[in-house]
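Below: protein_30.txt (compact mmCIF, C-alpha atoms and all ligand atoms)
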```txt
# COMPACT_ATOMS: atom_id res chain seq x y z
CA MET A 1 -41.10 3.97 16.85
CA ARG A 2 -40.41 7.08 14.83
CA ALA A 3 -38.96 6.65 11.36
CA ALA A 4 -38.66 8.43 8.03
CA ILE A 5 -41.56 7.51 5.79
CA PHE A 6 -41.32 7.83 2.01
CA ARG A 7 -44.76 8.90 0.78
CA GLY A 8 -43.82 9.84 -2.78
CA PRO A 9 -41.43 12.07 -4.73
CA ARG A 10 -40.33 15.06 -2.59
CA ASP A 11 -42.53 13.82 0.20
CA ILE A 12 -40.53 12.33 3.08
CA GLU A 13 -41.61 12.89 6.64
CA VAL A 14 -41.18 11.45 10.09
CA GLY A 15 -43.98 9.16 11.14
CA GLU A 16 -44.77 6.11 13.23
CA ARG A 17 -43.81 2.58 12.23
CA PRO A 18 -44.33 -0.56 14.34
CA ASP A 19 -41.57 -1.23 16.86
CA PRO A 20 -39.39 -3.96 15.36
CA VAL A 21 -39.51 -7.33 17.12
CA ILE A 22 -37.58 -10.57 16.65
CA ARG A 23 -39.54 -12.67 14.15
CA GLU A 24 -36.92 -15.22 13.09
CA PRO A 25 -34.20 -16.80 15.24
CA THR A 26 -31.69 -15.22 12.81
CA ASP A 27 -32.90 -11.65 13.49
CA ALA A 28 -31.40 -8.90 15.60
CA ILE A 29 -32.92 -5.61 16.68
CA VAL A 30 -30.56 -2.66 16.29
CA ARG A 31 -31.21 0.77 17.83
CA VAL A 32 -29.95 3.28 15.26
CA VAL A 33 -27.36 5.87 16.35
CA LEU A 34 -26.32 7.47 13.04
CA ALA A 35 -27.86 7.22 9.58
CA CYS A 36 -27.36 9.08 6.33
CA VAL A 37 -28.93 9.80 2.97
CA CYS A 38 -27.53 7.99 -0.06
CA GLY A 39 -27.20 9.46 -3.55
CA SER A 40 -29.47 6.61 -4.64
CA ASP A 41 -32.17 7.75 -2.18
CA LEU A 42 -32.32 10.91 -4.28
CA TRP A 43 -33.52 8.94 -7.30
CA TYR A 44 -36.64 8.04 -5.33
CA TYR A 45 -36.87 11.55 -3.93
CA ARG A 46 -36.75 13.01 -7.43
CA GLY A 47 -39.18 10.45 -8.80
CA GLU A 48 -36.55 8.99 -11.16
CA SER A 49 -36.88 5.48 -9.74
CA PRO A 50 -39.91 3.89 -8.10
CA HIS A 51 -39.97 3.28 -4.33
CA ALA A 52 -42.70 1.72 -2.24
CA VAL A 53 -44.47 3.95 0.28
CA GLY A 54 -42.94 3.24 3.70
CA SER A 55 -39.48 2.76 5.20
CA ILE A 56 -36.40 4.30 3.59
CA GLY A 57 -32.65 4.53 4.20
CA HIS A 58 -30.03 1.79 4.01
CA GLU A 59 -26.96 3.22 5.75
CA PHE A 60 -26.75 3.03 9.53
CA ILE A 61 -24.70 2.19 12.58
CA GLY A 62 -26.23 1.42 15.93
CA VAL A 63 -26.34 -0.69 19.07
CA VAL A 64 -27.76 -4.21 19.24
CA GLU A 65 -30.74 -4.39 21.60
CA GLU A 66 -31.80 -8.00 21.21
CA THR A 67 -30.87 -11.07 19.19
CA GLY A 68 -32.65 -14.22 18.03
CA SER A 69 -31.58 -17.62 19.33
CA GLU A 70 -29.39 -18.39 16.28
CA VAL A 71 -27.35 -15.18 16.45
CA SER A 72 -24.05 -15.43 18.31
CA SER A 73 -21.64 -13.12 16.43
CA VAL A 74 -23.20 -10.03 18.00
CA GLY A 75 -25.07 -9.49 21.25
CA ALA A 76 -27.00 -6.88 23.20
CA GLY A 77 -24.94 -3.75 23.77
CA ASP A 78 -22.58 -4.28 20.81
CA MET A 79 -22.03 -1.40 18.46
CA VAL A 80 -22.42 -2.57 14.87
CA VAL A 81 -22.08 -1.42 11.28
CA ALA A 82 -24.75 -2.67 8.87
CA PRO A 83 -23.99 -3.04 5.15
CA PHE A 84 -26.73 -1.61 2.91
CA ILE A 85 -28.12 -5.06 2.18
CA TYR A 86 -28.36 -8.16 4.33
CA SER A 87 -26.99 -11.46 3.04
CA ASP A 88 -26.20 -14.98 4.22
CA MET A 89 -22.50 -14.99 3.22
CA SER A 90 -22.75 -18.71 2.49
CA CYS A 91 -24.59 -19.08 -0.85
CA PRO A 92 -22.71 -19.50 -4.17
CA HIS A 93 -23.08 -15.79 -4.97
CA CYS A 94 -21.94 -14.50 -1.58
CA LEU A 95 -18.98 -16.90 -1.68
CA ARG A 96 -17.94 -15.38 -5.04
CA GLY A 97 -18.22 -11.87 -3.65
CA SER A 98 -21.62 -10.84 -5.02
CA THR A 99 -23.58 -10.39 -1.80
CA ILE A 100 -26.02 -8.18 -3.70
CA SER A 101 -27.22 -11.32 -5.52
CA CYS A 102 -27.85 -13.36 -2.36
CA PRO A 103 -31.18 -15.18 -2.83
CA ARG A 104 -31.89 -14.88 0.91
CA GLY A 105 -30.78 -11.25 1.01
CA GLY A 106 -32.68 -8.00 0.81
CA ASN A 107 -32.51 -4.23 0.99
CA PHE A 108 -32.93 -2.17 4.11
CA GLY A 109 -35.45 0.63 3.74
CA ASP A 110 -37.24 -0.72 0.67
CA GLY A 111 -40.60 0.43 1.96
CA ILE A 112 -41.31 -2.74 3.93
CA ILE A 113 -38.06 -3.85 5.61
CA ASP A 114 -37.05 -1.36 8.31
CA GLY A 115 -34.85 1.45 7.04
CA GLY A 116 -31.78 3.03 8.59
CA GLN A 117 -33.55 6.39 8.77
CA GLY A 118 -35.54 5.37 11.81
CA GLU A 119 -35.10 4.69 15.49
CA ALA A 120 -34.65 0.92 15.18
CA VAL A 121 -34.22 -1.82 12.59
CA ARG A 122 -35.05 -5.52 12.54
CA VAL A 123 -31.96 -6.96 10.85
CA PRO A 124 -32.59 -10.30 9.11
CA LEU A 125 -29.65 -12.74 8.85
CA ALA A 126 -27.94 -10.70 11.56
CA GLU A 127 -25.18 -13.27 12.16
CA SER A 128 -23.79 -12.88 8.63
CA THR A 129 -24.80 -9.25 8.10
CA LEU A 130 -23.80 -7.11 11.08
CA VAL A 131 -20.16 -6.30 11.79
CA ARG A 132 -19.30 -5.68 15.44
CA VAL A 133 -17.17 -2.62 16.21
CA PRO A 134 -14.57 -3.46 18.87
CA GLY A 135 -13.71 -1.07 21.69
CA THR A 136 -15.62 1.73 23.39
CA GLY A 137 -15.48 5.49 23.69
CA HIS A 138 -15.03 6.13 19.96
CA SER A 139 -14.98 9.78 18.96
CA ASP A 140 -17.79 11.31 16.96
CA GLN A 141 -15.36 11.59 14.03
CA THR A 142 -14.75 7.83 14.21
CA LEU A 143 -18.49 7.10 14.37
CA ARG A 144 -19.08 9.24 11.28
CA SER A 145 -16.39 7.34 9.42
CA LEU A 146 -17.80 3.98 10.56
CA LEU A 147 -21.18 5.07 9.17
CA THR A 148 -19.68 5.51 5.68
CA LEU A 149 -18.67 1.83 5.65
CA SER A 150 -22.38 0.94 5.28
CA ASP A 151 -22.28 2.02 1.66
CA VAL A 152 -20.40 5.04 0.34
CA MET A 153 -16.84 4.18 1.42
CA ALA A 154 -17.39 0.52 0.54
CA THR A 155 -18.60 1.64 -2.89
CA GLY A 156 -15.57 3.87 -3.49
CA HIS A 157 -13.39 0.95 -2.41
CA HIS A 158 -15.25 -1.32 -4.82
CA ALA A 159 -14.37 1.04 -7.69
CA ALA A 160 -10.68 0.78 -6.80
CA VAL A 161 -10.81 -3.00 -6.30
CA SER A 162 -12.75 -3.51 -9.54
CA ALA A 163 -10.22 -1.46 -11.53
CA GLY A 164 -7.38 -3.40 -9.94
CA VAL A 165 -5.63 -0.34 -8.48
CA ARG A 166 -2.06 -1.27 -7.57
CA ARG A 167 0.82 0.33 -5.71
CA GLY A 168 2.42 3.06 -7.80
CA ASP A 169 -0.52 3.48 -10.18
CA ALA A 170 -1.75 6.74 -11.65
CA VAL A 171 -5.50 6.63 -11.02
CA ALA A 172 -8.17 8.96 -12.39
CA VAL A 173 -11.50 9.36 -10.57
CA VAL A 174 -14.51 10.61 -12.53
CA GLY A 175 -17.03 12.14 -10.13
CA ASP A 176 -16.66 14.33 -7.05
CA GLY A 177 -19.77 13.23 -5.17
CA ALA A 178 -19.44 11.29 -1.92
CA VAL A 179 -18.64 8.07 -3.84
CA GLY A 180 -16.02 9.72 -6.06
CA LEU A 181 -14.32 11.28 -3.05
CA SER A 182 -14.38 7.91 -1.29
CA ALA A 183 -12.82 6.37 -4.42
CA VAL A 184 -9.96 8.87 -4.19
CA LEU A 185 -9.35 7.77 -0.61
CA ALA A 186 -9.63 4.09 -1.57
CA ALA A 187 -7.16 4.47 -4.45
CA ARG A 188 -4.58 6.11 -2.19
CA ARG A 189 -5.21 3.47 0.45
CA ARG A 190 -4.33 0.80 -2.12
CA GLY A 191 -1.06 2.54 -2.86
CA ALA A 192 -1.81 4.68 -5.91
CA GLU A 193 1.04 7.15 -6.33
CA ARG A 194 -1.00 9.64 -8.26
CA VAL A 195 -4.72 10.28 -8.03
CA ILE A 196 -6.28 12.68 -10.50
CA ALA A 197 -9.67 13.92 -9.28
CA LEU A 198 -12.07 15.31 -11.87
CA SER A 199 -13.90 18.02 -9.96
CA ARG A 200 -14.99 21.58 -10.51
CA HIS A 201 -16.27 22.41 -7.01
CA PRO A 202 -13.72 24.01 -4.65
CA ASP A 203 -15.25 22.43 -1.51
CA ARG A 204 -15.12 18.95 -3.07
CA GLN A 205 -11.62 19.53 -4.42
CA ALA A 206 -10.52 20.34 -0.87
CA ILE A 207 -11.83 17.00 0.42
CA ALA A 208 -10.31 15.17 -2.56
CA LYS A 209 -6.93 16.67 -1.67
CA GLU A 210 -7.43 15.80 1.99
CA PHE A 211 -8.11 12.23 0.80
CA GLY A 212 -4.88 12.19 -1.18
CA ALA A 213 -5.68 13.52 -4.65
CA THR A 214 -2.44 14.75 -6.22
CA ASP A 215 -4.03 16.54 -9.19
CA VAL A 216 -7.39 18.16 -9.90
CA VAL A 217 -8.89 18.48 -13.37
CA GLU A 218 -11.73 20.98 -13.60
CA ALA A 219 -12.51 20.48 -17.30
CA ARG A 220 -15.30 18.27 -18.59
CA GLY A 221 -15.84 16.20 -21.71
CA GLU A 222 -13.03 16.18 -24.28
CA ALA A 223 -11.11 18.89 -22.46
CA ALA A 224 -11.04 16.63 -19.36
CA THR A 225 -9.72 13.76 -21.46
CA GLU A 226 -6.98 15.99 -22.88
CA ALA A 227 -6.01 17.22 -19.43
CA VAL A 228 -5.71 13.67 -18.04
CA MET A 229 -3.72 12.55 -21.09
CA ASP A 230 -1.35 15.49 -20.57
CA LEU A 231 -0.91 14.61 -16.90
CA THR A 232 -0.11 10.98 -17.80
CA ARG A 233 2.37 11.73 -20.63
CA GLY A 234 -0.17 10.68 -23.23
CA ILE A 235 -0.56 7.17 -21.78
CA GLY A 236 -3.83 7.47 -19.86
CA ALA A 237 -4.76 6.37 -16.36
CA ASP A 238 -3.54 2.99 -15.09
CA ALA A 239 -6.97 2.68 -13.49
CA SER A 240 -10.02 4.80 -14.26
CA LEU A 241 -12.82 4.92 -11.66
CA GLU A 242 -16.32 5.86 -12.88
CA CYS A 243 -18.38 7.13 -9.95
CA VAL A 244 -21.23 9.03 -11.64
CA GLY A 245 -23.04 6.95 -14.27
CA THR A 246 -24.02 9.70 -16.72
CA PRO A 247 -23.26 9.18 -20.43
CA GLN A 248 -20.58 11.89 -20.36
CA ALA A 249 -18.90 10.50 -17.25
CA ILE A 250 -18.84 7.00 -18.74
CA ALA A 251 -17.40 8.32 -22.01
CA THR A 252 -14.69 10.23 -20.14
CA ALA A 253 -13.82 7.29 -17.88
CA PHE A 254 -13.20 5.04 -20.90
CA ALA A 255 -11.41 7.72 -22.93
CA ILE A 256 -8.82 8.32 -20.18
CA ALA A 257 -8.21 4.62 -19.43
CA ARG A 258 -4.86 3.46 -20.81
CA PRO A 259 -4.83 0.54 -23.23
CA GLY A 260 -4.92 -2.75 -21.38
CA SER A 261 -6.47 -1.29 -18.22
CA THR A 262 -9.77 -1.87 -16.42
CA VAL A 263 -12.39 0.76 -15.69
CA GLY A 264 -13.98 0.38 -12.24
CA MET A 265 -17.65 1.31 -12.55
CA VAL A 266 -19.80 2.04 -9.50
CA GLY A 267 -22.01 4.84 -10.81
CA VAL A 268 -25.35 3.33 -11.79
CA PRO A 269 -25.04 3.50 -15.60
CA HIS A 270 -27.42 5.77 -17.47
CA GLY A 271 -25.34 5.43 -20.63
CA ASP A 272 -23.59 2.70 -22.61
CA VAL A 273 -20.04 1.45 -22.48
CA PRO A 274 -18.32 2.30 -25.81
CA THR A 275 -17.81 -1.34 -26.78
CA ALA A 276 -15.84 -1.05 -30.04
CA GLN A 277 -13.46 1.64 -28.77
CA THR A 278 -12.98 -0.39 -25.61
CA PHE A 279 -12.39 -3.65 -27.50
CA PHE A 280 -9.70 -2.31 -29.79
CA ARG A 281 -7.78 -0.83 -26.86
CA ASN A 282 -8.02 -3.99 -24.75
CA VAL A 283 -9.82 -2.03 -22.05
CA GLY A 284 -12.16 -3.93 -19.74
CA TRP A 285 -14.57 -2.92 -17.06
CA ARG A 286 -15.73 -4.38 -13.77
CA GLY A 287 -17.94 -3.10 -11.02
CA GLY A 288 -21.53 -2.91 -9.94
CA PRO A 289 -23.09 -2.61 -6.49
CA ALA A 290 -20.45 -3.04 -3.79
CA PRO A 291 -20.34 -6.18 -1.66
CA ALA A 292 -20.04 -3.90 1.38
CA ARG A 293 -20.22 -6.74 3.93
CA ILE A 294 -17.06 -8.26 2.50
CA TYR A 295 -15.13 -4.98 2.62
CA ILE A 296 -16.27 -3.64 6.00
CA PRO A 297 -13.83 -5.60 8.24
CA GLU A 298 -10.63 -4.34 6.55
CA LEU A 299 -11.95 -0.79 6.18
CA LEU A 300 -13.12 -0.80 9.80
CA ASP A 301 -9.60 -1.62 10.98
CA ASP A 302 -8.27 1.38 9.07
CA VAL A 303 -10.96 3.69 10.47
CA LEU A 304 -10.26 2.58 14.05
CA SER A 305 -6.50 3.03 13.58
CA GLY A 306 -7.09 6.51 12.17
CA THR A 307 -5.50 5.59 8.82
CA ILE A 308 -8.58 6.75 6.89
CA ASN A 309 -11.24 9.31 7.77
CA PRO A 310 -13.99 8.85 5.17
CA GLY A 311 -16.55 10.58 7.43
CA LEU A 312 -15.35 13.91 5.99
CA VAL A 313 -17.83 13.42 3.12
CA LEU A 314 -20.68 14.01 5.60
CA ASP A 315 -20.88 17.79 5.39
CA TYR A 316 -24.43 18.38 6.62
CA GLU A 317 -26.00 17.21 9.86
CA THR A 318 -29.51 17.12 11.22
CA ASP A 319 -31.79 14.92 13.33
CA LEU A 320 -34.62 12.54 12.47
CA ASP A 321 -37.26 15.28 12.90
CA HIS A 322 -35.61 17.18 10.06
CA VAL A 323 -35.07 14.25 7.70
CA ALA A 324 -36.83 16.20 4.91
CA ASP A 325 -34.08 18.85 5.13
CA ALA A 326 -31.44 16.12 4.86
CA TYR A 327 -32.86 15.21 1.45
CA ALA A 328 -33.51 18.77 0.29
CA VAL A 329 -29.94 20.00 0.86
CA MET A 330 -28.55 17.09 -1.18
CA ASP A 331 -31.16 17.52 -3.88
CA GLU A 332 -30.25 21.22 -4.13
CA ARG A 333 -26.53 20.30 -4.12
CA ARG A 334 -25.98 22.39 -1.00
CA ALA A 335 -24.48 19.33 0.68
CA ILE A 336 -22.39 16.41 -0.46
CA LYS A 337 -23.95 13.96 1.97
CA SER A 338 -26.32 14.35 4.91
CA LEU A 339 -25.85 12.77 8.32
CA ILE A 340 -28.92 12.07 10.45
CA ARG A 341 -28.25 11.86 14.18
CA VAL A 342 -30.92 9.46 15.37
CA GLY A 343 -29.82 8.32 18.82
CA SER A 344 -26.89 8.33 21.20
CA LEU A 345 -24.56 5.51 22.17
ZN ZN B 1 -25.86 -15.25 -0.13
```

Would it be possible to restate this file's structure as structure tokens?
Ligand SMILES: [Zn+2]
Amino acid sequence: MRAAIFRGPRDIEVGERPDPVIREPTDAIVRVVLACVCGSDLWYYRGESPHAVGSIGHEFIGVVEETGSEVSSVGAGDMVVAPFIYSDMSCPHCLRGSTISCPRGGNFGDGIIDGGQGEAVRVPLAESTLVRVPGTGHSDQTLRSLLTLSDVMATGHHAAVSAGVRRGDAVAVVGDGAVGLSAVLAARRRGAERVIALSRHPDRQAIAKEFGATDVVEARGEAATEAVMDLTRGIGADASLECVGTPQAIATAFAIARPGSTVGMVGVPHGDVPTAQTFFRNVGWRGGPAPARIYIPELLDDVLSGTINPGLVLDYETDLDHVADAYAVMDERRAIKSLIRVGSL
């Protein structure tokens, strides 16, 4: 089969990988329909994090072609959403909501395990990993939104869940990348009355507003903190969502969090949490990699009912032959997030 192959920093091309086959009775083979490039794929692309030579991509939706003898939750012909990791959903960690820590789990597209940016994927632990999409004849818009449940929308949702966003809250979202925009949508979905998006790009502000942002703050650093404090009558945000991970973004997220609140952190941290300042204001933080598999069912219902349309973050589209372009436009910040159309339903 044809698949994206990571050869090294700034070197991704389409090549041949072995056709996936059922190896374990718990496997399924999924033919990929839509895939996308994750912000975290860019770390490998830029050489900031190591990645094995081989398969890449961990966000995909597709159609089940074949299942092993122990898989009954999905069958041939079913459309499915795959979370970015596979997990057994029955170990102590999965049962406490940390599917990322599943000892039997693993990452799609890690160089060895098939990636989403390819024509087909062998999905281990398919019974507990894949989520079947009910119905047929879904619009392309719906399919794009279903694709975001693999990772980005689930991650934005995780920020809102981790910060304990409640009905009526004033929420501030630090970061206007695909995750930050998804966090805006997730905060509104959970009933936030006010969502302050920190963004200085007009195209991203437009999506934030479409997703329900009530206020936009263009300033950065201390000026951003002042602006959010002004908007919240000097109190601070009831829930602050950190969706970037840079030292400045972390500092801002904690500075604008009201005393007694929780910061939801989903940006991979490249800076430290200000412990003393946080301690004396009774501010906590929660977060980490999203347990996407746990969130997909409820988010999927809202996508199918048309309540949310997270696919709007996918603002660039290409096919598998042009996967290198999909990375380049994100690297050059000419796109928020790239969609790769791999197959048809
Ligand atoms: Zn597990």

request  = Return as a list in words every polymer residue, whether protein, DNA or RNA, with at least one atom no more than 9 Å from an atom of ligand ZN 1 (chain B); count all atoms listed in the file.
outcome  =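 Those within range of ligand ZN 1 (chain B) are Tyr86, Ser87, Asp88, Met89, Ser90, Cys91, Pro92, His93, Cys94, Leu95, Ser98, Thr99, Ile100, Ser101, Cys102, Pro103, Arg104 and Gly105 of chain A.
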
note = Residue with the minimum atom-to-atom distance to A:Leu130, picked from A:Ile336, A:Val74, A:Leu231, A:Val268 with only C-alpha atoms counted, is A:Val74

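One finds atom CA of A:Asp176 at 8.2 Å from atom CA of A:Arg200.
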
inquiry  = When you count all atoms listed in the file, which of these residues is closest to A:Glu59: A:Asp140, A:Asp151, A:Glu218, A:Asp11?
reply    = A:Asp151

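Nearest residue to A:His322 among A:Arg167, A:Arg341, A:Arg334, A:Arg122 is A:Arg341, counting only C-alpha atoms.
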
request  = Write out as a PyMOL selection string each polymer residue whose atoms come within 12 Å of A:Leu147, counting all atoms listed in the file; drop sequence neighbours fewer than 4 positions from it.
outcome  = chain A and resi 32-38+58-62+79-84+116+131+133+140-143+151-154+292+296+299-300+303+309-314+337-341

As a compact mmCIF listing (two decimals) with C-alpha atoms, in the coordinates of the input, please: the residues near A:Gly47 (cut-off 8 Å, all atoms listed in the file, same-chain neighbours under 6 positions excluded).
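selection_36.txt, written as the output of this step:
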```
# COMPACT_ATOMS: atom_id res chain seq x y z
CA GLY A 8 -43.82 9.84 -2.78
CA PRO A 9 -41.43 12.07 -4.73
CA ARG A 10 -40.33 15.06 -2.59
```

note = If you count all atoms listed in the file, the residue of A:Ala4, A:Ile250, A:Asp110, A:Pro20 closest to A:Pro50 turns out to be A:Asp110

message = Excluding A:Thr232 and its own-chain neighbours fewer than 2 positions away, which residues fall within 12 Å of it when counting all atoms listed in the file? Please give them as a PyMOL selection string.
response = chain A and resi 169-172+194-196+215+225-230+234-239+256-258

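Take atom CA of A:Ile22 and atom CA of A:Ala126: the distance between them is 10.9 Å.
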
task = To one decimal in Å, tell me the separation between atom CA of A:Ser145 and atom CA of A:Tyr316.
result = 13.9 Å

key: Among listed residues A:Glu66, A:Glu127, A:Asp41, A:Asp302, nearest A:Gly115 (using all atoms listed in the file)   =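 Looking at the shortest contact to A:Gly115, the residue is A:Asp41.
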
Report, as JSON, the axis-aligned box around all atoms of stretch 157-172 of chain A present in the file, extended by 5 Å on each side; give centre and edge lengths in Å to one decimal place.
```
{"center_x": -6.4, "center_y": 2.7, "center_z": -7.4, "size_x": 27.7, "size_y": 22.5, "size_z": 20.0}
```

query = Pick from A:Phe280, A:Phe108, A:Phe6, A:Tyr45: nearest to A:Glu332, with all atoms listed in the file counted?
reply =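 Of A:Phe280, A:Phe108, A:Phe6, A:Tyr45, the one nearest A:Glu332, counting all atoms listed in the file, is A:Tyr45.
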
inquiry  = Can you pull out the residues contacting A:Val161? Cut-off 10 Å, using only C-alpha atoms, and skip same-chain residues under 5 positions away; I want them as a PyMOL selection string.
reply    = chain A and resi 155-156+166+183+186-187+190+239+241+264+286-287+290
